[in-house]
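S.K.: Handing over coords-v6.csv, CSV, C-alpha atoms.
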chain,number,residue,atom,x,y,z
A,8,ARG,CA,47.4,81.6,24.1
A,9,VAL,CA,50.6,79.9,25.3
A,10,THR,CA,53.7,79.9,23.1
A,11,ILE,CA,56.2,77.2,23.6
A,12,LYS,CA,59.7,77.5,22.2
A,13,LYS,CA,62.5,75.1,22.1
A,14,GLU,CA,65.7,76.0,23.8
A,15,ARG,CA,69.0,74.1,23.6
A,16,GLN,CA,71.1,73.9,26.7
A,17,VAL,CA,74.4,72.1,27.4
A,18,LEU,CA,74.7,70.3,30.7
A,19,GLU,CA,78.0,69.4,32.1
A,20,VAL,CA,78.0,66.0,33.9
A,21,ASN,CA,80.7,65.4,36.5
A,22,VAL,CA,81.2,61.7,37.3
A,23,ASP,CA,82.8,61.1,40.7
A,24,LYS,CA,85.7,58.6,41.0
A,25,GLY,CA,84.4,55.2,42.0
A,26,ALA,CA,80.9,55.8,40.7
A,27,SER,CA,79.1,52.5,40.2
A,28,HIS,CA,77.0,51.0,37.4
A,29,ASN,CA,73.5,52.5,37.1
A,30,THR,CA,74.4,55.5,39.3
A,31,LYS,CA,71.8,58.3,38.6
A,32,LEU,CA,72.9,61.9,38.2
A,33,ARG,CA,69.9,64.2,38.5
A,34,PHE,CA,69.6,67.8,37.3
A,35,SER,CA,66.5,69.1,39.0
A,36,GLY,CA,64.3,71.5,37.0
A,37,MET,CA,66.2,71.1,33.8
A,38,GLY,CA,63.7,68.9,32.0
A,39,ASN,CA,60.8,69.8,29.7
A,40,GLU,CA,58.5,72.6,30.8
A,41,SER,CA,54.7,72.7,30.3
A,42,PRO,CA,52.0,75.3,31.2
A,43,ASN,CA,50.9,75.2,34.8
A,44,ALA,CA,53.4,72.6,35.8
A,45,GLU,CA,56.8,72.4,37.4
A,46,PRO,CA,59.6,71.6,35.0
A,47,GLY,CA,60.8,68.0,35.1
A,48,ASP,CA,64.3,66.7,35.9
A,49,VAL,CA,67.0,65.4,33.6
A,50,VAL,CA,68.5,62.2,34.8
A,51,PHE,CA,71.6,60.6,33.5
A,52,VAL,CA,72.1,56.9,34.3
A,53,LEU,CA,75.7,55.7,34.2
A,54,GLN,CA,76.3,52.5,32.2
A,55,GLN,CA,79.6,50.6,32.9
A,56,LYS,CA,81.2,49.1,29.9
A,57,GLU,CA,82.9,45.7,30.0
A,58,HIS,CA,86.7,45.9,30.2
A,59,ALA,CA,89.0,43.6,28.2
A,60,THR,CA,91.3,42.9,31.3
A,61,PHE,CA,89.4,43.6,34.5
A,62,LYS,CA,86.1,42.7,36.0
A,63,ARG,CA,84.7,45.0,38.7
A,64,LYS,CA,82.8,44.2,41.8
A,65,GLY,CA,82.3,47.2,44.1
A,66,ALA,CA,85.7,48.8,44.6
A,67,ASP,CA,87.5,45.6,43.8
A,68,LEU,CA,88.9,44.5,40.5
A,69,LEU,CA,89.5,40.9,39.3
A,70,LEU,CA,92.2,39.9,36.8
A,71,GLN,CA,92.5,36.4,35.4
A,72,LYS,CA,96.0,35.4,34.6
A,73,ASP,CA,97.6,32.3,33.1
A,74,ILE,CA,101.0,31.2,34.4
A,75,SER,CA,103.2,28.2,33.6
A,76,LEU,CA,103.8,25.3,36.0
A,77,SER,CA,107.4,26.5,36.5
A,78,GLU,CA,106.1,29.9,37.5
A,79,ALA,CA,103.5,28.4,39.9
A,80,LEU,CA,106.3,26.4,41.6
A,81,CYS,CA,109.3,28.8,41.3
A,82,GLY,CA,107.7,32.3,41.3
A,83,PHE,CA,106.5,34.7,38.7
A,84,LYS,CA,106.5,38.4,37.7
A,85,PHE,CA,104.2,40.1,35.3
A,86,VAL,CA,103.2,43.7,34.5
A,87,VAL,CA,99.6,44.9,34.8
A,88,ASN,CA,98.5,48.1,32.9
A,89,GLN,CA,96.4,49.8,35.5
A,90,LEU,CA,93.3,51.9,34.6
A,91,ASP,CA,95.0,55.1,35.6
A,92,GLY,CA,97.9,54.5,33.2
A,93,ARG,CA,100.4,53.2,35.7
A,94,LYS,CA,102.4,50.0,35.1
A,95,LEU,CA,102.2,47.6,38.1
A,96,LEU,CA,104.8,44.9,38.5
A,97,VAL,CA,102.9,42.0,40.2
A,98,GLN,CA,105.1,39.3,41.7
A,99,SER,CA,104.9,36.3,44.1
A,100,LYS,CA,106.8,36.2,47.4
A,101,PRO,CA,109.9,34.0,47.6
A,102,GLY,CA,109.0,30.4,48.1
A,103,GLN,CA,105.3,31.0,47.5
A,104,ILE,CA,103.5,28.3,45.5
A,105,VAL,CA,100.4,28.9,43.4
A,106,ARG,CA,98.0,25.9,43.5
A,107,PRO,CA,95.4,24.9,41.0
A,108,GLU,CA,92.6,25.1,43.6
A,109,VAL,CA,92.4,26.1,47.3
A,110,THR,CA,89.7,23.5,47.9
A,111,SER,CA,87.6,21.4,45.5
A,112,GLY,CA,86.0,23.8,42.9
A,113,VAL,CA,87.4,26.9,44.5
A,114,PRO,CA,90.1,28.6,42.4
A,115,TYR,CA,93.4,29.9,43.8
A,116,VAL,CA,93.1,33.7,44.2
A,117,MET,CA,95.6,36.3,45.5
A,118,CYS,CA,95.2,40.1,45.9
A,119,VAL,CA,97.1,43.3,46.1
A,120,ASP,CA,95.7,45.9,48.5
A,121,GLY,CA,95.0,49.4,47.3
A,122,GLU,CA,95.2,48.6,43.6
A,123,GLY,CA,91.5,48.4,42.8
A,124,MET,CA,88.9,51.1,42.0
A,125,PRO,CA,88.7,54.3,44.0
A,126,LYS,CA,85.9,54.1,46.7
A,127,HIS,CA,83.0,56.3,46.0
A,128,GLY,CA,83.0,59.2,48.4
A,129,ASN,CA,86.6,58.6,49.4
A,130,PRO,CA,88.6,58.5,46.2
A,131,PHE,CA,92.0,58.4,48.0
A,132,ASP,CA,91.0,55.0,49.4
A,133,LYS,CA,91.0,52.2,46.9
A,134,GLY,CA,89.8,48.6,46.8
A,135,ARG,CA,91.8,45.5,46.0
A,136,LEU,CA,93.2,43.9,42.9
A,137,PHE,CA,92.3,40.2,42.9
A,138,VAL,CA,94.2,37.8,40.6
A,139,LEU,CA,92.7,34.5,39.7
A,140,PHE,CA,95.3,32.1,38.5
A,141,THR,CA,95.1,29.3,35.9
A,142,ILE,CA,98.1,27.1,35.7
A,143,VAL,CA,99.1,26.0,32.2
A,144,PHE,CA,100.6,22.5,32.4
A,145,PRO,CA,103.1,21.1,29.8
A,146,PRO,CA,101.4,19.2,27.0
A,147,ASN,CA,101.3,15.4,27.2
A,148,TYR,CA,104.5,13.5,26.3
A,149,SER,CA,106.5,16.7,26.2
A,150,LEU,CA,108.9,15.7,29.0
A,151,GLY,CA,111.8,13.4,28.4
A,152,ASP,CA,113.3,10.8,30.7
A,153,GLU,CA,116.0,13.1,32.0
A,154,GLN,CA,113.6,16.0,32.6
A,155,MET,CA,111.2,13.7,34.5
A,156,ALA,CA,114.1,12.4,36.6
A,157,ALA,CA,115.2,15.9,37.4
A,158,LEU,CA,111.7,16.8,38.5
A,159,LYS,CA,111.4,13.8,40.7
A,160,ALA,CA,114.7,14.6,42.3
A,161,ALA,CA,113.6,18.3,42.9
A,162,LEU,CA,110.0,17.7,44.1
A,163,PRO,CA,108.7,16.0,47.2
A,164,PRO,CA,108.3,12.2,47.0
A,165,ALA,CA,105.3,10.6,45.4
A,166,LEU,CA,102.2,10.1,47.6
A,167,HIS,CA,101.4,6.8,46.0
A,168,ASP,CA,104.5,4.6,45.7
A,169,GLU,CA,103.6,1.5,47.6
A,170,PRO,CA,105.3,-1.8,46.6
A,171,TYR,CA,103.5,-4.4,44.6
A,172,ASP,CA,104.1,-7.8,42.9
A,173,PRO,CA,104.0,-7.4,39.1
A,174,GLU,CA,102.6,-11.0,39.0
A,175,GLU,CA,99.6,-10.2,41.1
A,176,VAL,CA,98.4,-6.9,39.5
A,177,GLU,CA,96.7,-6.0,36.2
A,178,GLU,CA,97.7,-2.8,34.4
A,179,ALA,CA,95.1,-0.2,33.7
A,180,LEU,CA,96.0,3.0,31.7
A,181,LEU,CA,94.0,6.1,32.2
A,182,SER,CA,92.6,8.2,29.3
A,183,GLU,CA,91.1,11.7,29.4
A,184,ILE,CA,87.3,12.1,29.7
A,185,ASP,CA,84.8,14.8,30.5
A,186,LEU,CA,83.3,14.6,34.0
A,187,GLU,CA,79.9,15.2,32.3
A,188,GLU,CA,80.1,11.6,30.9
A,189,LEU,CA,79.8,10.2,34.4
A,190,GLY,CA,76.8,7.9,34.5
A,191,LYS,CA,76.2,8.2,30.8
A,192,GLY,CA,77.8,4.9,29.7
A,193,GLN,CA,75.8,2.2,27.9
A,194,GLY,CA,73.6,0.5,30.5
A,195,ALA,CA,74.6,2.9,33.2
A,196,SER,CA,71.5,5.1,33.3
A,197,GLY,CA,70.9,4.0,36.9
A,198,GLU,CA,67.2,3.5,36.3
A,199,GLU,CA,65.5,0.3,37.4
A,200,GLU,CA,64.1,-1.9,34.7
A,201,ASP,CA,60.7,-3.6,35.3
A,202,ASP,CA,60.1,-7.1,34.1
A,203,ASP,CA,56.4,-6.6,33.5
A,204,ASP,CA,53.9,-3.8,32.8
A,205,ASP,CA,52.7,-3.8,36.4
A,206,GLY,CA,56.0,-2.5,37.6
A,207,HIS,CA,56.7,-5.5,39.8
A,208,GLY,CA,60.1,-6.8,38.7
A,209,ASN,CA,61.7,-10.0,39.9
A,210,GLY,CA,65.2,-8.5,40.3
A,211,GLN,CA,66.9,-8.1,43.6
A,212,ARG,CA,66.7,-4.8,45.3
A,213,VAL,CA,69.5,-3.6,47.6
A,214,GLN,CA,68.8,-1.4,50.5
A,215,CYS,CA,71.3,0.5,52.6
A,216,ALA,CA,71.5,-0.5,56.2
A,217,GLN,CA,70.6,2.2,58.6
A,218,SER,CA,71.9,2.6,62.1
Let me see the file written as structure tokens.
M.R.:
Amino acid sequence: RVTIKKERQVLEVNVDKGASHNTKLRFSGMGNESPNAEPGDVVFVLQQKEHATFKRKGADLLLQKDISLSEALCGFKFVVNQLDGRKLLVQSKPGQIVRPEVTSGVPYVMCVDGEGMPKHGNPFDKGRLFVLFTIVFPPNYSLGDEQMAALKAALPPALHDEPYDPEEVEEALLSEIDLEELGKGQGASGEEEDDDDDGHGNGQRVQCAQS
């Protein structure tokens, strides 16, 4: 007859600096025992919690930061509370300008070397701290005539300032719209309409010339 008894044992789990999500920590032979069988293992699987400030990818950290238009043009300073408790003063270089995008659809990102997560296996070497910038522009109609004149005097000249005859042009004022609305206007579905049930319409068809 085999007697099985329950035994309580405390395991101390040491997590290395820089350990990643889903890292497995195995304690061999510390699992349940059964007659005529080797004891099993106890496996801990690390689960990385979301952080309110940082996003992690490997040893790098990503921080999203809003800055004003004046900060984007004239420079900025802000304090980042690091994960190890340090306060890091992040600032732009003199004369450096933050742009809304590097290229179409690619946000403007800068980084600080050595201020990311410790690298697993080499905790004295750290990844980078990436900062993704969003420029907060002034609200519509918030600038007066004097302010706009001062900005025009301080900034490079306009790219589109060609002369025109007021008698020969029609004014068109822009309004804001979501890009998702492109092609969704009434009668703008882009689908061909057939004049009969056989699908042979009498409308003209346009074909692109090919070289």
S.K.: Between CA of Asp152 (chain A) and CA of Leu180 (chain A), what is the distance, to one decimal in Å?
M.R.: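 Rounded to one decimal, the two atoms are 19.0 Å apart.
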S.K.: Do a neighbour search on Val97 (chain A) at 9 Å with all atoms listed in the file, toss out local chain neighbours closer than 3 positions, and write the hits as an NGL selection string.
M.R.: :A and (83-87 or 119)
S.K.: Quote the spacing between CA of Leu95 (chain A) and CA of Ser27 (chain A) in Å to one decimal place.
M.R.: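 Taking CA of Leu95 (chain A) and CA of Ser27 (chain A), their separation equals 23.7 Å.
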S.K.: Considering all atoms listed in the file, return as a PyMOL selection string whatever protein or nucleic-acid residues lie within 9 Å of region 100-114 of chain A, sequence-local ones (same chain, fewer than 6 positions apart) excluded.
M.R.: chain A and resi 76+78-83+139-142
S.K.: For Leu18 (chain A), find every residue with an atom within 10 Å (counting only C-alpha atoms), except residues of its own chain fewer than 3 positions away, and show them as a list of chain:residue names.
M.R.: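 Everything that qualifies: A:Arg15, A:Asn21, A:Phe34, A:Met37, A:Val49.
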S.K.: Could you tell me which of A:Asp168, A:Lys24, A:Leu53, A:Thr60 comes closest to Met124 (chain A) if we count all atoms listed in the file?
M.R.: A:Lys24
S.K.: Between CA of Asp120 (chain A) and CA of Lys56 (chain A), what is the distance, to one decimal in Å?
M.R.: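 Those two atoms sit 23.8 Å apart.
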